[in-house]
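Below is data-v1.txt, which holds compact mmCIF, C-alpha atoms and all ligand atoms.
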# COMPACT_ATOMS: atom_id res chain seq x y z
CA MET A 1 0.00 0.00 0.00
CA THR A 2 1.17 3.53 -0.69
CA SER A 3 3.19 5.30 2.00
CA VAL A 4 5.27 8.42 2.25
CA ALA A 5 8.03 6.54 0.50
CA ASN A 6 6.10 6.59 -2.73
CA ILE A 7 4.15 9.76 -2.09
CA ILE A 8 7.24 11.79 -2.78
CA ALA A 9 10.56 10.11 -2.39
CA SER A 10 10.44 6.99 -4.49
CA ALA A 11 9.22 8.15 -7.83
CA ALA A 12 11.78 5.68 -9.19
CA THR A 13 9.20 2.96 -8.54
CA VAL A 14 6.82 4.69 -10.92
CA GLU A 15 6.98 3.18 -14.34
CA GLN A 16 8.83 5.43 -16.80
CA ARG A 17 6.08 6.93 -18.95
CA SER A 18 5.45 10.03 -20.97
CA ARG A 19 2.38 12.20 -20.60
CA THR A 20 1.14 15.18 -22.57
CA MET A 21 1.97 18.36 -20.71
CA LEU A 22 -0.24 20.62 -22.84
CA GLY A 23 2.01 20.36 -25.85
CA ASP A 24 5.07 18.95 -24.15
CA THR A 25 5.95 15.64 -22.52
CA ILE A 26 6.49 14.71 -18.90
CA THR A 27 8.77 11.97 -17.60
CA PHE A 28 8.93 10.35 -14.18
CA GLY A 29 12.17 9.10 -12.72
CA GLU A 30 14.59 9.30 -9.83
CA PRO A 31 13.84 12.14 -7.39
CA THR A 32 16.37 14.43 -5.77
CA ASP A 33 17.89 13.44 -2.44
CA ILE A 34 15.54 14.63 0.29
CA THR A 35 15.55 12.96 3.64
CA THR A 36 13.13 14.52 6.12
CA THR A 37 9.42 15.27 6.16
CA CYS A 38 7.46 18.13 7.72
CA ASP A 39 4.70 15.88 9.06
CA SER A 40 4.85 12.36 10.50
CA GLN A 41 1.27 11.80 9.28
CA LEU A 42 2.46 11.82 5.67
CA SER A 43 2.57 8.04 5.91
CA THR A 44 -1.19 8.05 6.64
CA GLU A 45 -3.61 7.27 3.83
CA PRO A 46 -6.13 10.07 3.09
CA TRP A 47 -9.20 7.99 4.05
CA GLN A 48 -7.76 7.56 7.53
CA ILE A 49 -7.91 11.33 8.05
CA ASP A 50 -10.82 12.33 5.80
CA THR A 51 -13.18 12.17 8.77
CA GLU A 52 -11.14 14.78 10.69
CA PRO A 53 -11.46 18.54 10.14
CA GLY A 54 -8.46 20.33 8.61
CA TYR A 55 -6.26 19.88 5.60
CA GLY A 56 -4.36 16.76 6.62
CA PRO A 57 -0.63 16.22 6.53
CA GLY A 58 1.66 18.45 4.48
CA ALA A 59 2.33 22.15 4.29
CA SER A 60 -1.16 23.29 5.34
CA THR A 61 -1.55 21.04 8.38
CA ASN A 62 -1.83 23.94 10.80
CA ASP A 63 -4.06 26.14 8.64
CA GLU A 64 -7.62 26.50 9.84
CA ALA A 65 -10.19 25.00 7.48
CA PRO A 66 -13.52 26.88 7.44
CA SER A 67 -16.53 24.92 8.70
CA THR A 68 -18.03 25.23 5.21
CA ALA A 69 -15.09 23.36 3.59
CA PRO A 70 -16.40 20.25 1.79
CA HIS A 71 -15.83 16.89 3.48
CA GLN A 72 -15.21 13.57 1.78
CA GLY A 73 -17.32 10.66 2.98
CA PRO A 74 -15.94 7.13 3.16
CA ILE A 75 -15.38 5.22 -0.06
CA PRO A 76 -15.94 1.44 -0.36
CA ALA A 77 -13.35 -0.80 1.28
CA GLU A 78 -12.73 -2.57 -2.04
CA TYR A 79 -10.77 0.58 -2.98
CA THR A 80 -9.08 1.41 0.30
CA ASP A 81 -8.06 -2.23 0.82
CA ALA A 82 -6.80 -2.71 -2.74
CA SER A 83 -3.10 -3.05 -3.44
CA GLU A 84 -1.25 -0.52 -5.55
CA ALA A 85 -1.07 -3.04 -8.42
CA GLU A 86 -4.80 -3.77 -8.21
CA LEU A 87 -5.70 -0.06 -8.23
CA ASP A 88 -3.36 0.45 -11.18
CA ALA A 89 -5.07 -2.32 -13.17
CA ARG A 90 -8.56 -1.02 -12.30
CA ILE A 91 -7.73 2.58 -13.22
CA ILE A 92 -6.21 1.56 -16.55
CA ALA A 93 -9.16 -0.74 -17.35
CA ALA A 94 -11.70 1.99 -16.50
CA LYS A 95 -9.79 4.53 -18.58
CA GLU A 96 -9.75 2.17 -21.54
CA THR A 97 -13.47 1.50 -21.23
CA LEU A 98 -14.31 5.19 -21.02
CA GLY A 99 -11.97 6.10 -23.91
CA ASP A 100 -12.54 9.58 -25.37
CA ARG A 101 -15.53 10.15 -23.07
CA LEU A 102 -13.04 10.88 -20.27
CA LYS A 103 -10.07 13.18 -19.72
CA ILE A 104 -7.99 13.10 -16.55
CA LEU A 105 -6.47 16.47 -15.68
CA GLY A 106 -3.42 16.48 -13.37
CA HIS A 107 -2.01 19.55 -11.66
CA PHE A 108 1.75 20.16 -11.68
CA TYR A 109 1.78 19.71 -7.87
CA GLN A 110 -0.04 16.39 -7.91
CA ARG A 111 1.78 13.26 -6.78
CA ASP A 112 3.31 11.00 -9.44
CA GLU A 113 1.03 8.04 -8.65
CA ILE A 114 -1.83 10.19 -9.99
CA VAL A 115 -0.06 12.26 -12.65
CA LYS A 116 0.97 9.07 -14.46
CA TYR A 117 -2.71 8.57 -15.45
CA ALA A 118 -3.30 12.19 -16.53
CA ASP A 119 -4.17 13.05 -20.12
CA PHE A 120 -3.07 16.63 -19.47
CA VAL A 121 -0.70 18.06 -16.88
CA GLY A 122 -0.52 21.79 -16.22
CA ASP A 123 -1.34 24.65 -13.89
CA SER A 124 -4.90 25.42 -12.85
CA PHE A 125 -5.69 27.76 -15.73
CA MET A 126 -4.03 25.58 -18.38
CA LEU A 127 -6.12 22.62 -17.20
CA ALA A 128 -9.35 24.64 -17.17
CA GLN A 129 -8.52 25.73 -20.73
CA ALA A 130 -7.90 22.08 -21.64
CA ALA A 131 -11.42 21.32 -20.41
CA LYS A 132 -12.81 24.18 -22.49
CA ASP A 133 -10.92 22.95 -25.57
CA HIS A 134 -12.44 19.45 -25.43
CA PRO A 135 -16.20 19.80 -25.99
CA GLU A 136 -16.36 16.14 -27.09
CA THR A 137 -15.37 14.90 -23.61
CA GLU A 138 -18.22 13.91 -21.28
CA ALA A 139 -16.33 13.89 -17.99
CA PHE A 140 -13.19 15.57 -16.68
CA VAL A 141 -11.65 14.05 -13.58
CA PHE A 142 -9.73 16.96 -12.08
CA CYS A 143 -6.80 15.78 -9.99
CA GLY A 144 -6.13 19.16 -8.44
CA VAL A 145 -8.10 21.06 -5.80
CA HIS A 146 -11.63 22.37 -5.39
CA PHE A 147 -11.28 25.89 -6.88
CA MET A 148 -9.60 24.43 -9.96
CA ALA A 149 -12.45 22.00 -10.56
CA GLU A 150 -14.89 24.91 -10.16
CA THR A 151 -13.04 26.92 -12.83
CA ALA A 152 -13.08 23.92 -15.18
CA ASP A 153 -16.83 23.57 -14.57
CA ILE A 154 -17.37 27.26 -15.35
CA LEU A 155 -15.37 27.10 -18.59
CA SER A 156 -16.68 23.73 -19.82
CA ASP A 157 -20.09 23.07 -21.39
CA GLU A 158 -23.19 22.53 -19.29
CA GLN A 159 -23.56 18.86 -20.30
CA GLN A 160 -19.96 18.02 -19.32
CA SER A 161 -19.17 16.90 -15.78
CA VAL A 162 -16.17 17.89 -13.72
CA ILE A 163 -15.27 15.49 -10.93
CA LEU A 164 -12.95 16.01 -7.96
CA PRO A 165 -11.90 12.52 -6.76
CA ASN A 166 -11.67 13.62 -3.11
CA LEU A 167 -13.95 16.47 -2.00
CA ALA A 168 -11.57 17.26 0.88
CA ALA A 169 -8.98 18.41 -1.67
CA GLY A 170 -9.57 22.11 -1.06
CA CYS A 171 -6.94 24.84 -1.03
CA SER A 172 -6.01 26.41 2.28
CA MET A 173 -5.10 29.69 0.59
CA ALA A 174 -8.40 29.92 -1.32
CA ASP A 175 -10.25 29.14 1.92
CA MET A 176 -8.61 32.15 3.63
CA ALA A 177 -11.09 34.43 1.84
CA THR A 178 -14.72 33.33 2.19
CA ILE A 179 -17.47 35.13 0.29
CA ASP A 180 -19.02 36.37 3.55
CA GLN A 181 -15.72 37.91 4.65
CA VAL A 182 -15.18 39.50 1.25
CA GLU A 183 -18.68 41.02 1.14
CA GLU A 184 -18.25 42.35 4.67
CA ALA A 185 -14.88 43.90 3.74
CA TRP A 186 -16.39 45.46 0.63
CA GLU A 187 -19.20 47.02 2.60
CA GLN A 188 -16.71 48.54 5.04
CA LEU A 189 -14.54 49.85 2.22
CA MET A 190 -17.54 51.47 0.52
CA GLN A 191 -18.43 53.18 3.81
CA VAL A 192 -14.88 54.44 4.35
CA LEU A 193 -14.03 55.47 0.79
CA GLY A 194 -17.49 56.48 -0.46
CA THR A 195 -18.47 56.74 -4.11
CA SER A 196 -16.02 58.08 -6.63
CA ASN A 197 -16.67 61.53 -8.10
CA ASP A 198 -14.80 60.82 -11.31
CA GLU A 199 -14.58 58.04 -13.89
CA ARG A 200 -12.22 55.89 -11.85
CA ALA A 201 -13.79 53.69 -9.18
CA GLU A 202 -12.59 53.98 -5.57
CA VAL A 203 -11.67 50.27 -5.48
CA ILE A 204 -11.39 47.51 -8.06
CA PRO A 205 -11.59 43.94 -6.70
CA VAL A 206 -8.97 41.59 -8.14
CA THR A 207 -8.85 37.94 -7.25
CA TYR A 208 -6.15 35.38 -7.89
CA MET A 209 -7.28 32.28 -9.76
CA ASN A 210 -6.77 30.46 -6.43
CA SER A 211 -10.10 31.55 -4.98
CA SER A 212 -13.61 30.18 -4.85
CA ALA A 213 -16.06 30.62 -7.72
CA ALA A 214 -18.12 32.81 -5.38
CA ILE A 215 -15.25 35.30 -5.06
CA LYS A 216 -14.58 35.29 -8.80
CA ALA A 217 -18.31 36.01 -9.22
CA PHE A 218 -18.07 38.85 -6.67
CA CYS A 219 -15.31 40.40 -8.80
CA GLY A 220 -17.42 39.92 -11.94
CA ARG A 221 -20.38 41.73 -10.33
CA ASN A 222 -18.26 44.60 -9.00
CA ASP A 223 -16.28 45.61 -12.12
CA GLY A 224 -13.35 43.44 -11.05
CA ILE A 225 -11.20 40.80 -12.60
CA VAL A 226 -9.32 37.52 -12.06
CA CYS A 227 -5.54 37.07 -12.43
CA THR A 228 -3.08 34.21 -12.58
CA SER A 229 0.51 34.23 -11.38
CA SER A 230 1.52 34.72 -15.05
CA ASN A 231 -0.55 37.81 -15.78
CA ALA A 232 -0.87 39.59 -12.42
CA THR A 233 1.05 42.68 -13.67
CA THR A 234 -1.15 43.05 -16.74
CA VAL A 235 -4.25 42.63 -14.60
CA LEU A 236 -3.14 45.24 -12.05
CA GLU A 237 -2.42 47.68 -14.90
CA TRP A 238 -5.93 46.97 -16.21
CA ALA A 239 -7.34 47.65 -12.75
CA PHE A 240 -5.41 50.93 -12.25
CA GLU A 241 -6.79 52.23 -15.54
CA ARG A 242 -10.25 51.81 -14.05
CA GLY A 243 -9.79 52.46 -10.35
CA LYS A 244 -7.80 54.44 -7.78
CA ARG A 245 -6.89 51.37 -5.79
CA VAL A 246 -7.25 47.62 -5.76
CA ILE A 247 -8.25 45.07 -3.17
CA PHE A 248 -6.36 41.87 -3.94
CA PHE A 249 -7.70 38.44 -2.83
CA PRO A 250 -6.56 36.10 -1.33
CA ASP A 251 -2.75 35.85 -1.68
CA GLN A 252 -0.95 38.78 -0.04
CA HIS A 253 2.39 37.60 -1.43
CA LEU A 254 1.42 37.52 -5.10
CA GLY A 255 -0.27 40.91 -4.64
CA ARG A 256 2.71 42.42 -2.82
CA ASN A 257 5.37 40.99 -5.13
CA THR A 258 3.53 42.15 -8.23
CA ALA A 259 2.83 45.64 -6.87
CA LYS A 260 6.42 46.06 -5.64
CA ALA A 261 7.73 45.13 -9.08
CA MET A 262 5.47 47.89 -10.45
CA GLY A 263 7.14 50.43 -8.14
CA LEU A 264 4.63 50.61 -5.29
CA THR A 265 5.89 50.86 -1.72
CA GLU A 266 4.97 48.75 1.32
CA GLU A 267 3.19 51.81 2.78
CA GLN A 268 0.84 51.81 -0.20
CA MET A 269 -0.11 48.18 0.47
CA PRO A 270 -1.91 47.79 3.80
CA LEU A 271 -2.92 44.29 4.86
CA TRP A 272 -6.63 43.54 5.30
CA ARG A 273 -7.17 41.18 8.23
CA PRO A 274 -10.73 39.89 7.82
CA TYR A 275 -11.40 39.43 11.54
CA LEU A 276 -10.68 43.10 12.43
CA PRO A 277 -12.80 46.22 11.84
CA MET A 278 -11.58 47.98 8.67
CA GLY A 279 -9.21 45.05 8.26
CA GLY A 280 -7.11 46.46 11.11
CA ASN A 281 -6.39 49.73 9.24
CA THR A 282 -7.11 53.40 9.80
CA GLN A 283 -9.23 55.41 7.38
CA GLN A 284 -6.09 57.29 6.33
CA GLN A 285 -4.22 54.08 5.54
CA LEU A 286 -7.07 52.90 3.34
CA GLU A 287 -7.37 56.27 1.59
CA ASP A 288 -3.61 56.28 0.89
CA ALA A 289 -3.60 52.66 -0.26
CA LYS A 290 -2.93 51.57 -3.83
CA VAL A 291 -3.25 47.82 -3.23
CA ILE A 292 -5.12 46.50 -0.20
CA LEU A 293 -3.73 43.01 0.37
CA TRP A 294 -6.00 40.30 1.77
CA ASN A 295 -4.27 38.43 4.57
CA GLY A 296 -4.03 35.08 2.78
CA PHE A 297 -1.01 32.97 1.89
CA CYS A 298 0.03 29.58 0.57
CA SER A 299 1.58 27.45 3.27
CA VAL A 300 3.66 25.58 0.69
CA HIS A 301 5.34 28.73 -0.61
CA LYS A 302 5.53 30.43 2.79
CA ARG A 303 8.10 27.82 3.82
CA PHE A 304 10.82 29.23 1.55
CA THR A 305 13.40 31.52 3.16
CA VAL A 306 16.36 33.71 2.26
CA ALA A 307 18.53 31.44 4.44
CA GLN A 308 17.71 28.55 2.10
CA ILE A 309 18.78 30.70 -0.86
CA ASP A 310 22.02 31.63 0.92
CA LYS A 311 22.74 27.95 1.52
CA ALA A 312 22.03 27.05 -2.12
CA ARG A 313 24.44 29.80 -3.25
CA ALA A 314 27.10 28.60 -0.78
CA ASP A 315 26.72 24.97 -1.95
CA TYR A 316 26.53 25.82 -5.67
CA PRO A 317 28.14 29.19 -6.52
CA ASP A 318 26.71 29.08 -10.08
CA VAL A 319 23.18 28.18 -9.01
CA THR A 320 20.18 29.94 -10.54
CA VAL A 321 17.47 30.47 -7.93
CA ILE A 322 13.89 30.64 -9.20
CA ALA A 323 10.97 31.42 -6.90
CA HIS A 324 7.21 31.34 -7.36
CA PRO A 325 5.52 34.72 -6.67
CA GLU A 326 3.47 33.14 -3.86
CA CYS A 327 6.74 33.18 -1.86
CA PRO A 328 7.35 36.01 0.65
CA ALA A 329 8.85 39.22 -0.80
CA PRO A 330 12.37 38.79 0.70
CA VAL A 331 12.64 35.38 -1.02
CA VAL A 332 11.41 36.76 -4.33
CA GLU A 333 13.86 39.68 -4.07
CA ALA A 334 16.80 37.36 -3.32
CA ALA A 335 15.99 35.03 -6.25
CA ASP A 336 17.43 35.32 -9.76
CA GLY A 337 14.07 34.74 -11.41
CA VAL A 338 10.43 34.87 -10.34
CA GLY A 339 7.41 33.41 -12.06
CA SER A 340 4.55 30.95 -12.31
CA THR A 341 4.96 27.18 -12.52
CA GLU A 342 4.95 27.54 -16.29
CA TYR A 343 7.70 30.20 -16.11
CA ILE A 344 9.75 27.91 -13.87
CA ARG A 345 9.28 25.00 -16.24
CA LYS A 346 10.30 27.06 -19.26
CA ALA A 347 13.33 28.58 -17.48
CA ILE A 348 14.60 25.07 -16.76
CA GLU A 349 13.79 23.87 -20.29
CA ALA A 350 16.08 26.66 -21.51
CA GLY A 351 18.94 25.49 -19.26
CA GLN A 352 22.15 23.82 -20.48
CA PRO A 353 23.72 20.53 -19.36
CA GLY A 354 25.53 21.08 -16.07
CA ASP A 355 23.30 23.99 -15.01
CA VAL A 356 22.10 24.08 -11.40
CA PHE A 357 18.65 25.34 -10.42
CA ALA A 358 17.30 25.82 -6.90
CA VAL A 359 13.54 26.20 -7.07
CA GLY A 360 11.07 27.68 -4.61
CA THR A 361 7.86 25.84 -5.41
CA GLU A 362 6.02 22.61 -4.60
CA ILE A 363 8.23 19.56 -4.35
CA ASN A 364 6.37 17.19 -6.70
CA LEU A 365 6.93 19.59 -9.61
CA VAL A 366 10.58 20.14 -8.71
CA ASN A 367 11.29 16.40 -8.44
CA ARG A 368 9.63 15.78 -11.79
CA LEU A 369 11.68 18.55 -13.43
CA GLN A 370 14.85 16.90 -12.12
CA ALA A 371 13.66 13.56 -13.50
CA GLN A 372 13.03 15.12 -16.89
CA HIS A 373 16.44 16.84 -16.95
CA PRO A 374 19.05 14.47 -15.56
CA GLU A 375 21.69 16.53 -17.41
CA MET A 376 21.12 19.35 -14.89
CA THR A 377 20.95 19.60 -11.09
CA ILE A 378 17.51 20.78 -9.99
CA PHE A 379 16.48 20.83 -6.36
CA CYS A 380 13.83 22.30 -4.08
CA LEU A 381 15.05 25.17 -1.87
CA ASP A 382 13.31 23.53 1.08
CA PRO A 383 15.24 20.38 2.08
CA VAL A 384 12.18 18.97 3.86
CA ILE A 385 9.46 16.89 2.17
CA CYS A 386 6.38 19.05 2.62
CA PRO A 387 3.88 18.63 -0.22
CA CYS A 388 0.68 20.57 -0.75
CA SER A 389 -1.59 18.92 1.83
CA THR A 390 -4.68 19.28 -0.26
CA MET A 391 -3.25 17.76 -3.45
CA TYR A 392 -2.12 14.91 -1.21
CA ARG A 393 -5.77 14.03 -0.50
CA ILE A 394 -6.13 12.63 -4.03
CA HIS A 395 -4.96 9.01 -3.95
CA PRO A 396 -5.32 6.28 -6.61
CA ALA A 397 -8.07 4.66 -4.49
CA TYR A 398 -10.30 7.73 -5.02
CA LEU A 399 -9.37 7.90 -8.68
CA ALA A 400 -10.33 4.23 -9.17
CA TRP A 401 -13.61 4.84 -7.30
CA VAL A 402 -14.72 7.81 -9.47
CA LEU A 403 -13.60 6.14 -12.74
CA GLU A 404 -15.39 2.86 -12.04
CA GLY A 405 -18.43 4.91 -11.01
CA LEU A 406 -18.41 6.54 -14.46
CA VAL A 407 -18.13 3.14 -16.12
CA GLU A 408 -21.27 2.11 -14.19
CA GLY A 409 -23.05 5.37 -15.09
CA GLN A 410 -22.63 6.98 -11.65
CA VAL A 411 -21.05 10.42 -11.29
CA HIS A 412 -19.38 10.65 -7.87
CA ASN A 413 -18.15 14.00 -6.53
CA GLN A 414 -19.37 16.20 -9.36
CA ILE A 415 -18.45 19.87 -8.88
CA CYS A 416 -21.40 22.01 -9.98
CA VAL A 417 -21.07 25.78 -9.77
CA ASP A 418 -24.41 27.56 -9.33
CA ALA A 419 -25.52 29.05 -12.69
CA THR A 420 -25.65 32.67 -11.46
CA VAL A 421 -22.26 32.37 -9.78
CA ALA A 422 -20.83 30.80 -12.94
CA THR A 423 -22.18 33.62 -15.12
CA ASP A 424 -20.72 36.36 -12.89
CA ALA A 425 -17.41 34.50 -12.49
CA SER A 426 -17.18 34.12 -16.29
CA VAL A 427 -17.41 37.91 -16.62
CA ALA A 428 -14.31 38.32 -14.41
CA LEU A 429 -12.49 35.51 -16.25
CA GLU A 430 -13.35 37.00 -19.67
CA ARG A 431 -12.01 40.37 -18.52
CA MET A 432 -8.75 38.66 -17.63
CA LEU A 433 -8.53 37.00 -21.04
CA ALA A 434 -9.25 40.32 -22.77
CA ALA A 435 -6.60 42.09 -20.64
CA ARG A 436 -3.84 39.77 -21.88
CA PRO A 437 -0.95 41.73 -23.43
S1 LIG B 501 0.11 24.81 -3.31
FE1 LIG B 501 -0.80 26.38 -1.97
S2 LIG B 501 -2.10 27.62 -3.33
FE2 LIG B 501 -1.61 25.70 -4.44
S3 LIG B 501 -3.36 24.33 -3.98
FE3 LIG B 501 -1.75 23.90 -2.45
S4 LIG B 501 -2.29 25.26 -0.71
FE4 LIG B 501 -3.42 26.00 -2.49

As structure tokens:
Amino acid sequence: MTSVANIIASAATVEQRSRTMLGDTITFGEPTDITTTCDSQLSTEPWQIDTEPGYGPGASTNDEAPSTAPHQGPIPAEYTDASEAELDARIIAAKETLGDRLKILGHFYQRDEIVKYADFVGDSFMLAQAAKDHPETEAFVFCGVHFMAETADILSDEQQSVILPNLAAGCSMADMATIDQVEEAWEQLMQVLGTSNDERAEVIPVTYMNSSAAIKAFCGRNDGIVCTSSNATTVLEWAFERGKRVIFFPDQHLGRNTAKAMGLTEEQMPLWRPYLPMGGNTQQQLEDAKVILWNGFCSVHKRFTVAQIDKARADYPDVTVIAHPECPAPVVEAADGVGSTEYIRKAIEAGQPGDVFAVGTEINLVNRLQAQHPEMTIFCLDPVICPCSTMYRIHPAYLAWVLEGLVEGQVHNQICVDATVATDASVALERMLAARP
């Protein structure tokens, strides 16, 4: 049965295969040498913890899950008791039976035991686009997290189903901004800032793709927009053409790093703490603000530090350090390059044999990049195994369960975004697509 050894550190046991990575190929192989884990429960199977509140073992263990976060009920013992080989055979057989009716979408951060079955591997927006680009497919099994499956449901056709194999696969960062908190904050901001006397709005709401459909819809209804980690600068420029300031949900680090790169100062970026009146700010601070940062963060990317970068530079003087913009600002400023998972992937693709890359992003992606490029040295800045807890909740047992359900005509764990929410969220997503440079 699967354990931490083959969650992260023994990808060598995964059969060498190639998978489409939205136009490219992906290879599994030997991981980098990593010896410690951040959580002893990483050896626990997800169904053993699915009854408990919280995000489970991994980087988000200590984050507080809202009471509204979806729970996963038990799945039949024939799946949880099955051996790895049996699950493998059942998944492959179900995939073959379903043929073109099915596409499995695997996020870059997903574990190898799942990614090896994926028809497409990419970031959240690439995978949602893949769903949109395949109108002939009846069902998409989204091996990512809840907000990603929602976005795929919004962008796909009404008759297509999007399935999340484990409903407990949420995202702790997305959960840090609930729609009730956002509406409350908006009401307070409107009271403090009033209505604009000129063409530019007082505040434009901008949400990162890593947010619930309800918050994307809020942005759609309130002249706001969605961004990804690839286009956050373009989106902020779009917002500043239309408003005097922005409120940025839910990742403070992406908001701060993007705004700083555009020349804004820390003083122009107050933090909005949702449990405090006026987010813990004075009226003057909010009036002077250019970007009001929601107090959310990704616990995977928050782990990276400047000390880790210093160590990488001491160990490998020619190292190139690349960080994801969800990392804290000091890490981003100390890195040689900053960008989305796709940017990181392309930067490494452009490397030469013998190059050394230290990467500040989720460990499954980094290990896979090393496997794909044995001619280079590629390692995670964090020497501790600490995967995204929520991606971890998707295990082959759940994948086998949802696939065999489809074969039998049963749709387990369908993610259905309310029609009104989907319409409003689409407005914010379309604005993002139109704002592309
Ligand atoms: S890596 Fe961070 S932002 Fe991405 S799904 Fe996991 S918790 Fe959410």

Inset, instruction - Please write out the residues within 7 Å of ligand LIG 501 (chain B) as a ChimeraX atom specification, counting all atoms listed in the file. - result: /A:60,145,171-174,210,298-301,362,388-391

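A straight line drawn from atom CA of Val226 of chain A to atom CA of Arg431 of chain A is 7.6 Å long.
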
Legend entry - Long-range neighbours of Ile75 of chain A as a ChimeraX atom specification, 10 Å cut-off, only C-alpha atoms, 6 positions minimum in chain: /A:47,166,397-398,401-402

Can you tell me which residues surround Glu326 of chain A at a distance of at most 8 Å, considering only C-alpha atoms, apart from same-chain residues fewer than 5 positions away, and format the answer as a PDB file with C-alpha atoms, in the coordinates of the input?
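See part_25.pdb below for the written result:
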ATOM      1  CA  ASP A 251      -2.750  35.850  -1.680  1.00  0.00           C
ATOM      2  CA  HIS A 253       2.390  37.600  -1.430  1.00  0.00           C
ATOM      3  CA  LEU A 254       1.420  37.520  -5.100  1.00  0.00           C
ATOM      4  CA  PHE A 297      -1.010  32.970   1.890  1.00  0.00           C
ATOM      5  CA  CYS A 298       0.030  29.580   0.570  1.00  0.00           C
ATOM      6  CA  HIS A 301       5.340  28.730  -0.610  1.00  0.00           C
ATOM      7  CA  LYS A 302       5.530  30.430   2.790  1.00  0.00           C
TER       8      LYS A 302
END

Inset, instruction - Write out as number ranges by chain each polymer residue whose atoms come within 9 Å of Trp294 of chain A, counting all atoms listed in the file; drop sequence neighbours fewer than 2 positions from it. - result: A: 176-177, 247-252, 255, 270-274, 279, 292, 296-297

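The residues that lie within 9 Å of the point (19.9, 29.0, -1.0), counting all atoms listed in the file, are Thr305, Val306, Ala307, Gln308, Ile309, Asp310, Lys311, Ala312, Arg313, Ala314, Asp315, Tyr316, Val319, Val321, Ala335, Ala358, Leu381 and Asp382 of chain A.
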
Any chance you can output those residues with C-alpha atoms as a tab-separated table (two decimals), keeping the file's coordinate frame?
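Just written: again.tsv:
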chain	number	residue	atom	x	y	z
A	305	THR	CA	13.40	31.52	3.16
A	306	VAL	CA	16.36	33.71	2.26
A	307	ALA	CA	18.53	31.44	4.44
A	308	GLN	CA	17.71	28.55	2.10
A	309	ILE	CA	18.78	30.70	-0.86
A	310	ASP	CA	22.02	31.63	0.92
A	311	LYS	CA	22.74	27.95	1.52
A	312	ALA	CA	22.03	27.05	-2.12
A	313	ARG	CA	24.44	29.80	-3.25
A	314	ALA	CA	27.10	28.60	-0.78
A	315	ASP	CA	26.72	24.97	-1.95
A	316	TYR	CA	26.53	25.82	-5.67
A	319	VAL	CA	23.18	28.18	-9.01
A	321	VAL	CA	17.47	30.47	-7.93
A	335	ALA	CA	15.99	35.03	-6.25
A	358	ALA	CA	17.30	25.82	-6.90
A	381	LEU	CA	15.05	25.17	-1.87
A	382	ASP	CA	13.31	23.53	1.08

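Residue nearest Asp123 of chain A, chosen from A:Thr228, A:Thr37, A:Thr377, A:Thr282 and counting only C-alpha atoms: A:Thr228.
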
Counting all atoms listed in the file, I want the residues whose atoms come within 12 Å of (-8.7, 5.3, -19.3) in the file frame, returned as a compact mmCIF listing (two decimals) with C-alpha atoms, in the coordinates of the input.
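Generated file (part23.txt):
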# COMPACT_ATOMS: atom_id res chain seq x y z
CA ASP A 88 -3.36 0.45 -11.18
CA ALA A 89 -5.07 -2.32 -13.17
CA ARG A 90 -8.56 -1.02 -12.30
CA ILE A 91 -7.73 2.58 -13.22
CA ILE A 92 -6.21 1.56 -16.55
CA ALA A 93 -9.16 -0.74 -17.35
CA ALA A 94 -11.70 1.99 -16.50
CA LYS A 95 -9.79 4.53 -18.58
CA GLU A 96 -9.75 2.17 -21.54
CA THR A 97 -13.47 1.50 -21.23
CA LEU A 98 -14.31 5.19 -21.02
CA GLY A 99 -11.97 6.10 -23.91
CA ASP A 100 -12.54 9.58 -25.37
CA ARG A 101 -15.53 10.15 -23.07
CA LEU A 102 -13.04 10.88 -20.27
CA LYS A 103 -10.07 13.18 -19.72
CA ILE A 104 -7.99 13.10 -16.55
CA LEU A 105 -6.47 16.47 -15.68
CA LYS A 116 0.97 9.07 -14.46
CA TYR A 117 -2.71 8.57 -15.45
CA ALA A 118 -3.30 12.19 -16.53
CA ASP A 119 -4.17 13.05 -20.12
CA ALA A 139 -16.33 13.89 -17.99
CA PHE A 140 -13.19 15.57 -16.68
CA VAL A 141 -11.65 14.05 -13.58
CA LEU A 399 -9.37 7.90 -8.68
CA ALA A 400 -10.33 4.23 -9.17
CA VAL A 402 -14.72 7.81 -9.47
CA LEU A 403 -13.60 6.14 -12.74
CA GLU A 404 -15.39 2.86 -12.04
CA LEU A 406 -18.41 6.54 -14.46
CA VAL A 407 -18.13 3.14 -16.12

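We find atom CA of Asn295 of chain A and atom CA of Val338 of chain A to be spaced 21.2 Å apart.
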
Legend entry - Contacts of Arg256 of chain A within 8 Å, only C-alpha atoms, excl. fewer than 3 positions in-chain, as number ranges by chain: A: 252-253, 259-260, 266, 269, 293, 329

Inset, instruction - Might you pull out every residue within 12 Å of Ala350 of chain A, with only C-alpha atoms counted and same-chain residues fewer than 6 positions away left off, and present them as a list in words? - result: Tyr343, Ile344, Phe357, His373 and Met376 of chain A

May I have the residues from that selection written out with C-alpha atoms, as a tab-separated table (two decimals), in the coordinates of the input?
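That gives us result_3.tsv:
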chain	number	residue	atom	x	y	z
A	343	TYR	CA	7.70	30.20	-16.11
A	344	ILE	CA	9.75	27.91	-13.87
A	357	PHE	CA	18.65	25.34	-10.42
A	373	HIS	CA	16.44	16.84	-16.95
A	376	MET	CA	21.12	19.35	-14.89

Inset, instruction - Between A:Gln160, A:Leu276, A:Glu267, A:Ala428, single out the one closest to Gln188 of chain A, counting all atoms listed in the file. - result: A:Leu276

Legend entry - Coordinates-based distance that separates atom CA of Ile363 of chain A from atom CA of Gly144 of chain A (Å, one decimal): 14.9 Å
